[in-house]
Amino acid sequence: MSENDSHSPTNFVEEIIEEHNASGRFDGQVLTRFPPEPNGYLHIGHAKSIYLNFSTAQKYGGTTNLRFDDTNPLKEDIEYINSIKEDVHWLGFEWNGEPLFASDYFDQLYEYAIELIRIGKAYVDDSSAEEIRELRGSLTEPGKNSPYRDRSIEENLDLFERMRAGEFEEGSKVLRAKVDMSSPNLNMRDPIMYRILFATHHRTGDKWCIYPTYDWAHGQSDSIEGITHSICTLEFEDHRPLYDWYLDNLEIHHPQQIEFARLNLSYTMMSKRKLNKLVSDKVVDGWDDPRLPTLAGIRRRGVRPEAVIDFCERIGVAKANSVIDIALWEHTIRQDLDPICKRVMGVLNPLKLVIDNFPEDEVIEFDVDYFRHDAESHETRKVPLTKEVYIEQEDFMEDPPKKYFRLSPGREVRLMSACLVTCTDVVKDADGNVVEVHCTYDPESIGGQAPDGRRVKGTLHWVSAKYAYDAEVRLYDNLFTVENPSVGELEDIVNTDSKQVIDAKLEPAMAQAKPGERFQFMRKGYFFVDPIDSTEGDDLYFNQIISLRDSWAKIKKQ
RNA sequence: UGGGGCGUGGUGCAACGGCAGCACACCGGACUUUGAAUUCGUUGAUCCUGGUUCGAAUCCAGGCGCCCCGGCCA
């Protein structure tokens with residue numbers, strides 16, 4: 001309670017909080033909330049909100065409530081509640097106490113509504129949805145009062161109670177706040193507080209047949225919980241006057257709503273509606289499909305929560321609409337993985353390379369560091385070299401362009417950690433495709449260095465053909481490749497380009513990989529041993545988390 | 001003359017009346033048994049027009065542009 005030494009705010013949200021702390025508005029308390037509607041899985045955009053709410057509260061010694069905004073029984077489901085809890089925990093956050101539910105406040109909300117009726121600030125309207133829409137006016141024209149607006153308090157009380165009792169049909173009546181039909185802010189033109197819905201709620205069952213709208217439920221829920229700062233996205237700015245109006249008229253604890261710009265990521269589709277459709281149409285393999293920007297998908301792909309948090313820190317927070325470059329997301333993931341991943345060799349598109357002067361049955365075993373030489377760990381594994389090895393198809397070119405440093409006829413390159421080889425010949429199939437490359441190796445160069453000190457410009461990863469470990473490797477496109485795709489385009493993208501399943505050749509040590517481990521396949525990218533599909537010591541499935549920089553990018557540009 | 005919000009390099013975020021900075025991207029050099037990483041460096045911005053001021057991204061006025069709002073969704 002004593003230390004109020006300036007934390008130096010790092011964004012506008014913290015500035016607002018510090019103003020409150022300075023004025024004593026909330027006694028220096030900071031209690032935020034993360035209020036998802038349980039109608040879908042959380043995605044990377046929600047991570048920004050989660051991070052903002054939790055980290056801001058933490059910074060000021062406060063806590064954060066997890067509250068499910070479950071006011072619409074038609075769209076919500078218990079399945080989503082569990083996934084949301086799991087995802088928030090995965091990011092490393094602990095909410096304050098038990099998860100809370102707007103539906104827990106239905107009784108209190110009902111009492112508040114009666115209170116508003118009693119002070120003449122709410123009324124039951126018998127108008128149809130169409131009539132209400134028409135009387136609401138337009139963006140430029142004021143609305144008109146409903147013919148039911150001036151009912152007596154007694155009649156409103158009676159009607160509202162009977163609404164709750166189930167005496168009226170769906171759509172026949174609503175409870176509205178009596179604000180101002182001529183307000184330039186549409187949200188203030190007698191907003192609807194309750195609608196009749198004979199729907200079974202996933203938590204309250206059939207207890208209610210009237211359900212509060214977002215505007216009516218949200219602020220009061222914040223208030224009931226003693227929230228101090230209600231941080232939400234920009235589109236609710238127009239709702240803040242209403243948020244304040246309810247609280248002022250009820251004369252109850254009044255949190256401050258603060259709005260920030262939601263996250264947009266280039267090439268990434270974050271529409272809940274479209275994600276829902278991809279999943280329900282089974283275009284993707286569930287909510288945790290690694291191609292999806294859902295937190296479940298990101299996790300399944302192999303991204304660590306540390307990277308997600310780092311990303312949220314890097315993007316900052318402001319009120320300007322913005323689009324974050326997907327490159328920052330990828331950079332952050334590589335940055336996180338680089339120091340912790342073992343480096344191994346894996347050939348994704350094998351091309352056989354025969355070392356003609358290598359003895360037929362000889363095996364040379366190398367102890368190779370899992371990490372770079374400057375790393376702390378010097379753990380090693382055995383890598384066998386045999387007469388026949390696989391190299392990457394793209395690491396050989398018969399007619400190399402300029403600045404291509406890898407293998408081509410007559411050229412000498414290094415087989416990483418092993419030796420230098422020089423290409424002497426190629427074998428082609430009937431169509432003229434290279435199917436085998438022949439080389440000679442320099443026995444003096446075992447270990448990778450030539451005693452005469454000559455340098456080679458290319459270093460290739462490779463795997464012994466005889467001892468290769470076969471595993472399924474799945475390459476995923478970097479989320480989505482088209483800006484703002486339509487549902488149709490999305491399905492095309494997902495079906496055609498976004499996932500490649502490859503039978504890859506990995507070095508033998510990879511047979512001991514454990515589900516959940518992450519590796520860097522040198523010159524290829526970072527891979528995650530899919531913990532759900534893989535069985536320890538048996539079949540292993542590798543998800544590509546993220547590629548290394550495309551080594552072809554520079555060449556393509558020339 | 002509907003209301004609300006926002007305009008800083010290609011992208012995102014800082015600077016809150018005092019030398020426009022950081023990150024990503026880009027480009028170039030060094031290093032390298034990963035064309036990765038690392039490292040050094042270059043290019044590049046205050047929406048416009050006025051005003052106040054010794055001094056304006058910042059304050060004021062007027063424009064312009066973009067986003068959100070007419071669910072009984074959240």
# chains A, B, ... in the order shown; residues from 1 in each chain; ligands from 1
>>> closest_atom_pairs(of="chain B", to="chain A", cutoff="6 Å", atoms="only C-alpha atoms (C1' of nucleotides)", output="JSON lines")
{"residue": "B:G2", "atom": "C1'", "partner": "A:Thr140", "partner_atom": "CA", "distance": 4.0}
{"residue": "B:G3", "atom": "C1'", "partner": "A:Pro184", "partner_atom": "CA", "distance": 5.0}
{"residue": "B:G4", "atom": "C1'", "partner": "A:Asp238", "partner_atom": "CA", "distance": 5.7}
{"residue": "B:C6", "atom": "C1'", "partner": "A:Ala320", "partner_atom": "CA", "distance": 5.1}
{"residue": "B:U11", "atom": "C1'", "partner": "A:Asp325", "partner_atom": "CA", "distance": 5.7}
{"residue": "B:G12", "atom": "C1'", "partner": "A:Ile324", "partner_atom": "CA", "distance": 5.9}
{"residue": "B:C13", "atom": "C1'", "partner": "A:Gly316", "partner_atom": "CA", "distance": 5.6}
{"residue": "B:C24", "atom": "C1'", "partner": "A:Leu328", "partner_atom": "CA", "distance": 5.1}
{"residue": "B:U33", "atom": "C1'", "partner": "A:Met416", "partner_atom": "CA", "distance": 5.9}
{"residue": "B:U34", "atom": "C1'", "partner": "A:Arg523", "partner_atom": "CA", "distance": 5.1}
{"residue": "B:G35", "atom": "C1'", "partner": "A:Ser551", "partner_atom": "CA", "distance": 5.5}
{"residue": "B:C68", "atom": "C1'", "partner": "A:Glu235", "partner_atom": "CA", "distance": 5.5}
{"residue": "B:G70", "atom": "C1'", "partner": "A:Ser138", "partner_atom": "CA", "distance": 5.1}
{"residue": "B:C72", "atom": "C1'", "partner": "A:Arg195", "partner_atom": "CA", "distance": 5.1}
>>> residues_around(residues="Lys342 of chain A", least_positions_apart="3", cutoff="6 Å", atoms="only C-alpha atoms (C1' of nucleotides)", output="list in words")
Tyr370, Phe371, Phe519 and Gln520 of chain A
>>> write_last_selection(atoms="N, CA and C atoms", output="short mmCIF file (atom, residue, chain, number, x, y, z; two decimals), in the first residue's frame")
data_model
loop_
_atom_site.label_atom_id
_atom_site.label_comp_id
_atom_site.auth_asym_id
_atom_site.auth_seq_id
_atom_site.Cartn_x
_atom_site.Cartn_y
_atom_site.Cartn_z
N TYR A 370 25.24 -31.54 -30.16
CA TYR A 370 23.85 -31.19 -30.43
C TYR A 370 23.68 -29.68 -30.56
N PHE A 371 24.59 -28.97 -29.90
CA PHE A 371 24.45 -27.51 -29.93
C PHE A 371 25.68 -26.89 -30.57
N PHE A 519 13.32 -29.81 -32.17
CA PHE A 519 14.65 -29.88 -32.77
C PHE A 519 14.78 -28.85 -33.87
N GLN A 520 16.02 -28.49 -34.12
CA GLN A 520 16.27 -27.74 -35.34
C GLN A 520 16.88 -28.70 -36.34
#
>>> residues_around(residues="segment 39-51 of chain B", least_positions_apart="3", cutoff="12 Å", atoms="only C-alpha atoms (C1' of nucleotides)", output="PDB file with N, CA and C atoms (P, O5', C5', C4', C3', O3' and C1' of nucleotides), in the first residue's frame")
ATOM      1  P     C B   6      -8.273   8.720 -30.095  1.00  0.00           P
ATOM      2  O5'   C B   6      -7.513   8.200 -31.391  1.00  0.00           O
ATOM      3  C5'   C B   6      -7.063   6.858 -31.460  1.00  0.00           C
ATOM      4  C4'   C B   6      -6.584   6.542 -32.843  1.00  0.00           C
ATOM      5  C3'   C B   6      -5.538   7.477 -33.411  1.00  0.00           C
ATOM      6  O3'   C B   6      -4.256   7.198 -32.883  1.00  0.00           O
ATOM      7  C1'   C B   6      -7.182   7.034 -35.052  1.00  0.00           C
ATOM      8  P     G B   7      -3.071   8.187 -33.181  1.00  0.00           P
ATOM      9  O5'   G B   7      -2.734   7.776 -34.665  1.00  0.00           O
ATOM     10  C5'   G B   7      -1.982   8.593 -35.458  1.00  0.00           C
ATOM     11  C4'   G B   7      -1.967   8.065 -36.870  1.00  0.00           C
ATOM     12  C3'   G B   7      -0.935   8.782 -37.710  1.00  0.00           C
ATOM     13  O3'   G B   7      -0.501   7.954 -38.775  1.00  0.00           O
ATOM     14  C1'   G B   7      -3.129   9.357 -38.443  1.00  0.00           C
ATOM     15  P     U B   8       0.676   6.963 -38.549  1.00  0.00           P
ATOM     16  O5'   U B   8       1.840   7.925 -38.044  1.00  0.00           O
ATOM     17  C5'   U B   8       2.316   8.967 -38.874  1.00  0.00           C
ATOM     18  C4'   U B   8       3.772   9.222 -38.621  1.00  0.00           C
ATOM     19  C3'   U B   8       4.690   8.037 -38.858  1.00  0.00           C
ATOM     20  O3'   U B   8       5.003   7.903 -40.234  1.00  0.00           O
ATOM     21  C1'   U B   8       5.238   9.016 -36.789  1.00  0.00           C
ATOM     22  P     G B   9       4.856   6.540 -40.945  1.00  0.00           P
ATOM     23  O5'   G B   9       6.360   6.095 -41.177  1.00  0.00           O
ATOM     24  C5'   G B   9       6.667   5.054 -42.074  1.00  0.00           C
ATOM     25  C4'   G B   9       7.974   5.381 -42.774  1.00  0.00           C
ATOM     26  C3'   G B   9       8.544   4.190 -43.533  1.00  0.00           C
ATOM     27  O3'   G B   9       8.892   4.597 -44.853  1.00  0.00           O
ATOM     28  C1'   G B   9      10.165   5.105 -42.047  1.00  0.00           C
ATOM     29  P     G B  10       7.743   4.479 -45.953  1.00  0.00           P
ATOM     30  O5'   G B  10       7.457   2.924 -45.973  1.00  0.00           O
ATOM     31  C5'   G B  10       6.530   2.390 -46.925  1.00  0.00           C
ATOM     32  C4'   G B  10       6.317   0.934 -46.639  1.00  0.00           C
ATOM     33  C3'   G B  10       5.759   0.624 -45.253  1.00  0.00           C
ATOM     34  O3'   G B  10       4.351   0.714 -45.224  1.00  0.00           O
ATOM     35  C1'   G B  10       7.637  -0.753 -45.661  1.00  0.00           C
ATOM     36  P     A B  15       5.712   7.745 -25.153  1.00  0.00           P
ATOM     37  O5'   A B  15       6.788   8.883 -25.467  1.00  0.00           O
ATOM     38  C5'   A B  15       8.048   8.868 -24.812  1.00  0.00           C
ATOM     39  C4'   A B  15       9.012   9.732 -25.571  1.00  0.00           C
ATOM     40  C3'   A B  15       8.579  11.193 -25.725  1.00  0.00           C
ATOM     41  O3'   A B  15       9.031  11.956 -24.632  1.00  0.00           O
ATOM     42  C1'   A B  15       9.294  10.312 -27.819  1.00  0.00           C
ATOM     43  P     A B  20      15.785  16.017 -34.297  1.00  0.00           P
ATOM     44  O5'   A B  20      15.013  14.773 -33.707  1.00  0.00           O
ATOM     45  C5'   A B  20      15.647  13.516 -33.574  1.00  0.00           C
ATOM     46  C4'   A B  20      14.627  12.530 -33.067  1.00  0.00           C
ATOM     47  C3'   A B  20      14.742  11.148 -33.675  1.00  0.00           C
ATOM     48  O3'   A B  20      15.623  10.342 -32.936  1.00  0.00           O
ATOM     49  C1'   A B  20      12.508  11.904 -33.822  1.00  0.00           C
ATOM     50  P     G B  21      16.938   9.750 -33.635  1.00  0.00           P
ATOM     51  O5'   G B  21      17.035   8.283 -33.045  1.00  0.00           O
ATOM     52  C5'   G B  21      17.504   8.072 -31.730  1.00  0.00           C
ATOM     53  C4'   G B  21      16.599   7.117 -31.007  1.00  0.00           C
ATOM     54  C3'   G B  21      16.521   5.700 -31.556  1.00  0.00           C
ATOM     55  O3'   G B  21      17.641   4.910 -31.211  1.00  0.00           O
ATOM     56  C1'   G B  21      14.372   6.455 -30.954  1.00  0.00           C
ATOM     57  P     A B  25      13.644  -9.768 -39.243  1.00  0.00           P
ATOM     58  O5'   A B  25      13.053  -8.956 -40.485  1.00  0.00           O
ATOM     59  C5'   A B  25      11.901  -9.419 -41.166  1.00  0.00           C
ATOM     60  C4'   A B  25      11.521  -8.469 -42.268  1.00  0.00           C
ATOM     61  C3'   A B  25      12.611  -8.166 -43.292  1.00  0.00           C
ATOM     62  O3'   A B  25      12.722  -9.189 -44.261  1.00  0.00           O
ATOM     63  C1'   A B  25      11.558  -6.159 -42.644  1.00  0.00           C
ATOM     64  P     C B  26      14.153  -9.500 -44.880  1.00  0.00           P
ATOM     65  O5'   C B  26      14.501  -8.177 -45.697  1.00  0.00           O
ATOM     66  C5'   C B  26      13.637  -7.723 -46.728  1.00  0.00           C
ATOM     67  C4'   C B  26      14.118  -6.395 -47.249  1.00  0.00           C
ATOM     68  C3'   C B  26      15.592  -6.337 -47.624  1.00  0.00           C
ATOM     69  O3'   C B  26      15.816  -6.890 -48.914  1.00  0.00           O
ATOM     70  C1'   C B  26      15.033  -4.434 -46.348  1.00  0.00           C
ATOM     71  P     C B  27      17.109  -7.806 -49.148  1.00  0.00           P
ATOM     72  O5'   C B  27      18.265  -6.727 -49.306  1.00  0.00           O
ATOM     73  C5'   C B  27      18.175  -5.719 -50.310  1.00  0.00           C
ATOM     74  C4'   C B  27      19.208  -4.663 -50.057  1.00  0.00           C
ATOM     75  C3'   C B  27      20.609  -5.181 -49.769  1.00  0.00           C
ATOM     76  O3'   C B  27      21.307  -5.553 -50.944  1.00  0.00           O
ATOM     77  C1'   C B  27      20.064  -3.513 -48.202  1.00  0.00           C
ATOM     78  P     G B  28      22.381  -6.733 -50.833  1.00  0.00           P
ATOM     79  O5'   G B  28      23.603  -6.084 -50.050  1.00  0.00           O
ATOM     80  C5'   G B  28      24.421  -5.115 -50.701  1.00  0.00           C
ATOM     81  C4'   G B  28      25.394  -4.517 -49.730  1.00  0.00           C
ATOM     82  C3'   G B  28      26.355  -5.482 -49.047  1.00  0.00           C
ATOM     83  O3'   G B  28      27.431  -5.887 -49.867  1.00  0.00           O
ATOM     84  C1'   G B  28      25.505  -3.953 -47.459  1.00  0.00           C
ATOM     85  P     G B  29      28.165  -7.269 -49.509  1.00  0.00           P
ATOM     86  O5'   G B  29      29.026  -6.934 -48.208  1.00  0.00           O
ATOM     87  C5'   G B  29      30.153  -6.071 -48.302  1.00  0.00           C
ATOM     88  C4'   G B  29      30.750  -5.850 -46.940  1.00  0.00           C
ATOM     89  C3'   G B  29      31.279  -7.080 -46.203  1.00  0.00           C
ATOM     90  O3'   G B  29      32.541  -7.509 -46.683  1.00  0.00           O
ATOM     91  C1'   G B  29      30.088  -5.707 -44.691  1.00  0.00           C
ATOM     92  P     A B  30      33.009  -9.044 -46.398  1.00  0.00           P
ATOM     93  O5'   A B  30      33.114  -9.104 -44.806  1.00  0.00           O
ATOM     94  C5'   A B  30      34.169  -8.437 -44.126  1.00  0.00           C
ATOM     95  C4'   A B  30      34.108  -8.755 -42.658  1.00  0.00           C
ATOM     96  C3'   A B  30      34.207 -10.234 -42.306  1.00  0.00           C
ATOM     97  O3'   A B  30      35.540 -10.695 -42.282  1.00  0.00           O
ATOM     98  C1'   A B  30      32.433  -9.238 -41.084  1.00  0.00           C
ATOM     99  P     C B  31      35.831 -12.232 -42.697  1.00  0.00           P
ATOM    100  O5'   C B  31      35.153 -13.075 -41.523  1.00  0.00           O
ATOM    101  C5'   C B  31      35.636 -12.967 -40.188  1.00  0.00           C
ATOM    102  C4'   C B  31      34.725 -13.723 -39.261  1.00  0.00           C
ATOM    103  C3'   C B  31      34.449 -15.164 -39.655  1.00  0.00           C
ATOM    104  O3'   C B  31      35.503 -16.035 -39.254  1.00  0.00           O
ATOM    105  C1'   C B  31      32.420 -14.112 -39.083  1.00  0.00           C
ATOM    106  P     U B  32      35.879 -17.271 -40.229  1.00  0.00           P
ATOM    107  O5'   U B  32      34.699 -18.300 -40.003  1.00  0.00           O
ATOM    108  C5'   U B  32      34.388 -18.742 -38.685  1.00  0.00           C
ATOM    109  C4'   U B  32      33.064 -19.439 -38.701  1.00  0.00           C
ATOM    110  C3'   U B  32      32.929 -20.524 -39.766  1.00  0.00           C
ATOM    111  O3'   U B  32      33.497 -21.746 -39.335  1.00  0.00           O
ATOM    112  C1'   U B  32      30.980 -19.165 -39.735  1.00  0.00           C
ATOM    113  P     A B  56       8.974  25.046 -33.964  1.00  0.00           P
ATOM    114  O5'   A B  56       8.498  24.001 -32.858  1.00  0.00           O
ATOM    115  C5'   A B  56       9.182  22.753 -32.679  1.00  0.00           C
ATOM    116  C4'   A B  56       8.182  21.611 -32.675  1.00  0.00           C
ATOM    117  C3'   A B  56       7.416  21.434 -33.985  1.00  0.00           C
ATOM    118  O3'   A B  56       7.085  20.067 -34.135  1.00  0.00           O
ATOM    119  C1'   A B  56       5.903  21.952 -32.287  1.00  0.00           C
ATOM    120  P     A B  57       8.082  19.088 -34.903  1.00  0.00           P
ATOM    121  O5'   A B  57       7.236  17.744 -35.031  1.00  0.00           O
ATOM    122  C5'   A B  57       6.123  17.684 -35.918  1.00  0.00           C
ATOM    123  C4'   A B  57       5.134  16.663 -35.410  1.00  0.00           C
ATOM    124  C3'   A B  57       4.334  17.112 -34.192  1.00  0.00           C
ATOM    125  O3'   A B  57       3.183  17.821 -34.569  1.00  0.00           O
ATOM    126  C1'   A B  57       5.242  14.940 -33.827  1.00  0.00           C
ATOM    127  P     U B  58       2.614  19.003 -33.680  1.00  0.00           P
ATOM    128  O5'   U B  58       2.440  18.365 -32.234  1.00  0.00           O
ATOM    129  C5'   U B  58       1.516  17.306 -31.991  1.00  0.00           C
ATOM    130  C4'   U B  58       1.638  16.858 -30.557  1.00  0.00           C
ATOM    131  C3'   U B  58       1.302  17.930 -29.540  1.00  0.00           C
ATOM    132  O3'   U B  58       0.567  17.377 -28.470  1.00  0.00           O
ATOM    133  C1'   U B  58       3.518  17.143 -29.201  1.00  0.00           C
ATOM    134  P     C B  59      -1.006  17.634 -28.434  1.00  0.00           P
ATOM    135  O5'   C B  59      -1.086  19.202 -28.177  1.00  0.00           O
ATOM    136  C5'   C B  59      -1.139  19.714 -26.848  1.00  0.00           C
ATOM    137  C4'   C B  59      -1.395  21.194 -26.886  1.00  0.00           C
ATOM    138  C3'   C B  59      -2.425  21.649 -27.915  1.00  0.00           C
ATOM    139  O3'   C B  59      -3.751  21.517 -27.431  1.00  0.00           O
ATOM    140  C1'   C B  59      -0.515  23.029 -28.073  1.00  0.00           C
ATOM    141  P     C B  60      -4.959  21.203 -28.431  1.00  0.00           P
ATOM    142  O5'   C B  60      -5.141  22.619 -29.138  1.00  0.00           O
ATOM    143  C5'   C B  60      -5.557  23.761 -28.395  1.00  0.00           C
ATOM    144  C4'   C B  60      -5.732  24.935 -29.320  1.00  0.00           C
ATOM    145  C3'   C B  60      -6.547  24.646 -30.570  1.00  0.00           C
ATOM    146  O3'   C B  60      -7.937  24.729 -30.325  1.00  0.00           O
ATOM    147  C1'   C B  60      -4.570  25.785 -31.175  1.00  0.00           C
ATOM    148  P     A B  61      -8.948  23.862 -31.237  1.00  0.00           P
ATOM    149  O5'   A B  61      -8.897  24.652 -32.614  1.00  0.00           O
ATOM    150  C5'   A B  61      -9.394  25.982 -32.703  1.00  0.00           C
ATOM    151  C4'   A B  61      -9.269  26.489 -34.120  1.00  0.00           C
ATOM    152  C3'   A B  61      -9.783  25.530 -35.186  1.00  0.00           C
ATOM    153  O3'   A B  61     -11.189  25.599 -35.336  1.00  0.00           O
ATOM    154  C1'   A B  61      -7.671  26.359 -35.829  1.00  0.00           C
ATOM    155  P     G B  62     -11.987  24.312 -35.860  1.00  0.00           P
ATOM    156  O5'   G B  62     -11.635  24.293 -37.409  1.00  0.00           O
ATOM    157  C5'   G B  62     -11.927  25.434 -38.218  1.00  0.00           C
ATOM    158  C4'   G B  62     -11.290  25.269 -39.563  1.00  0.00           C
ATOM    159  C3'   G B  62     -11.528  23.921 -40.236  1.00  0.00           C
ATOM    160  O3'   G B  62     -12.812  23.832 -40.828  1.00  0.00           O
ATOM    161  C1'   G B  62      -9.249  24.510 -40.439  1.00  0.00           C
ATOM    162  P     G B  63     -13.336  22.446 -41.358  1.00  0.00           P
ATOM    163  O5'   G B  63     -12.481  22.305 -42.683  1.00  0.00           O
ATOM    164  C5'   G B  63     -12.325  21.045 -43.258  1.00  0.00           C
ATOM    165  C4'   G B  63     -11.181  21.078 -44.237  1.00  0.00           C
ATOM    166  C3'   G B  63     -10.845  19.697 -44.766  1.00  0.00           C
ATOM    167  O3'   G B  63     -11.657  19.389 -45.881  1.00  0.00           O
ATOM    168  C1'   G B  63      -8.887  20.696 -43.924  1.00  0.00           C
ATOM    169  P     C B  64     -12.503  18.058 -45.869  1.00  0.00           P
ATOM    170  O5'   C B  64     -11.374  17.003 -46.229  1.00  0.00           O
ATOM    171  C5'   C B  64     -10.539  17.211 -47.373  1.00  0.00           C
ATOM    172  C4'   C B  64      -9.354  16.279 -47.325  1.00  0.00           C
ATOM    173  C3'   C B  64      -9.679  14.838 -46.993  1.00  0.00           C
ATOM    174  O3'   C B  64     -10.165  14.116 -48.102  1.00  0.00           O
ATOM    175  C1'   C B  64      -7.829  15.531 -45.715  1.00  0.00           C
ATOM    176  P     G B  65     -11.218  12.932 -47.883  1.00  0.00           P
ATOM    177  O5'   G B  65     -10.287  11.782 -47.306  1.00  0.00           O
ATOM    178  C5'   G B  65      -9.183  11.299 -48.074  1.00  0.00           C
ATOM    179  C4'   G B  65      -8.348  10.372 -47.240  1.00  0.00           C
ATOM    180  C3'   G B  65      -9.109   9.254 -46.556  1.00  0.00           C
ATOM    181  O3'   G B  65      -9.355   8.173 -47.433  1.00  0.00           O
ATOM    182  C1'   G B  65      -7.630  10.256 -45.006  1.00  0.00           C
ATOM    183  P     C B  66     -10.661   7.246 -47.205  1.00  0.00           P
ATOM    184  O5'   C B  66     -10.230   6.343 -45.965  1.00  0.00           O
ATOM    185  C5'   C B  66      -9.182   5.381 -46.109  1.00  0.00           C
ATOM    186  C4'   C B  66      -8.808   4.826 -44.757  1.00  0.00           C
ATOM    187  C3'   C B  66      -9.943   4.200 -43.967  1.00  0.00           C
ATOM    188  O3'   C B  66     -10.231   2.879 -44.381  1.00  0.00           O
ATOM    189  C1'   C B  66      -8.693   5.617 -42.550  1.00  0.00           C
TER     190        C B  66
END
>>> select_by_dssp(residues="segment 23-129 of chain A", states="strand (DSSP E or B)", output="list in words")
Leu31, Thr32, Arg33, Phe34, His43, Thr63, Thr64, Asn65, Leu66, Arg67, Phe68, Leu100, Phe101, Ala122, Tyr123, Val124 and Asp125 of chain A
>>> residues_around(residues="Asp533 of chain A", least_positions_apart="3", cutoff="12 Å", atoms="only C-alpha atoms (C1' of nucleotides)", output="PDB file with C-alpha atoms, in the first residue's frame")
ATOM      1  CA  ARG A 300       0.085 -28.303 -31.422  1.00  0.00           C
ATOM      2  CA  ALA A 471       9.649 -40.476 -39.910  1.00  0.00           C
ATOM      3  CA  GLU A 472       6.637 -38.574 -41.107  1.00  0.00           C
ATOM      4  CA  VAL A 473       7.307 -34.887 -41.293  1.00  0.00           C
ATOM      5  CA  ARG A 474       4.487 -32.400 -41.775  1.00  0.00           C
ATOM      6  CA  LYS A 514      10.522 -38.007 -27.308  1.00  0.00           C
ATOM      7  CA  PRO A 515       7.045 -36.716 -28.012  1.00  0.00           C
ATOM      8  CA  GLY A 516       6.966 -33.025 -27.172  1.00  0.00           C
ATOM      9  CA  PHE A 528       8.144 -30.497 -32.917  1.00  0.00           C
ATOM     10  CA  VAL A 529       7.580 -34.158 -32.149  1.00  0.00           C
ATOM     11  CA  ASP A 530       3.789 -34.187 -32.193  1.00  0.00           C
ATOM     12  CA  GLU A 536       7.688 -43.035 -27.750  1.00  0.00           C
ATOM     13  CA  ASP A 538       7.787 -46.181 -32.120  1.00  0.00           C
ATOM     14  CA  ASP A 539       6.370 -43.993 -34.850  1.00  0.00           C
ATOM     15  CA  LEU A 540       7.304 -40.359 -34.606  1.00  0.00           C
ATOM     16  CA  TYR A 541       5.543 -37.475 -36.302  1.00  0.00           C
ATOM     17  CA  PHE A 542       7.257 -34.139 -36.693  1.00  0.00           C
ATOM     18  CA  ASN A 543       5.390 -30.873 -37.118  1.00  0.00           C
TER      19      ASN A 543
END
>>> select_by_dssp(residues="segment 304-510 of chain A", states="alpha helix (DSSP H)", output="number ranges by chain")
A: 305-315, 326-337, 487-496
>>> atom_distance(atom1="atom CA of His43 of chain A", atom2="atom CA of Ile298 of chain A")
8.6 Å
>>> residues_around(residues="Trp208 of chain A", least_positions_apart="3", cutoff="10 Å", atoms="only C-alpha atoms (C1' of nucleotides)", output="list in words")
Phe106, Asp107, Met163, Arg164, Ala165, Gly166, Ile196, Leu197, Phe198, Ala199, Thr200, His201, Thr204, Gly205 and Tyr211 of chain A
>>> residues_around(residues="Pro38 of chain A", least_positions_apart="5", cutoff="10 Å", atoms="only C-alpha atoms (C1' of nucleotides)", output="PyMOL selection string")
chain A and resi 67-73+75-84
>>> atom_distance(atom1="atom CA of Asp158 of chain A", atom2="atom CA of Asp190 of chain A")
19.7 Å
>>> atom_distance(atom1="atom CA of Asp289 of chain A", atom2="atom CA of Gly488 of chain A")
18.4 Å
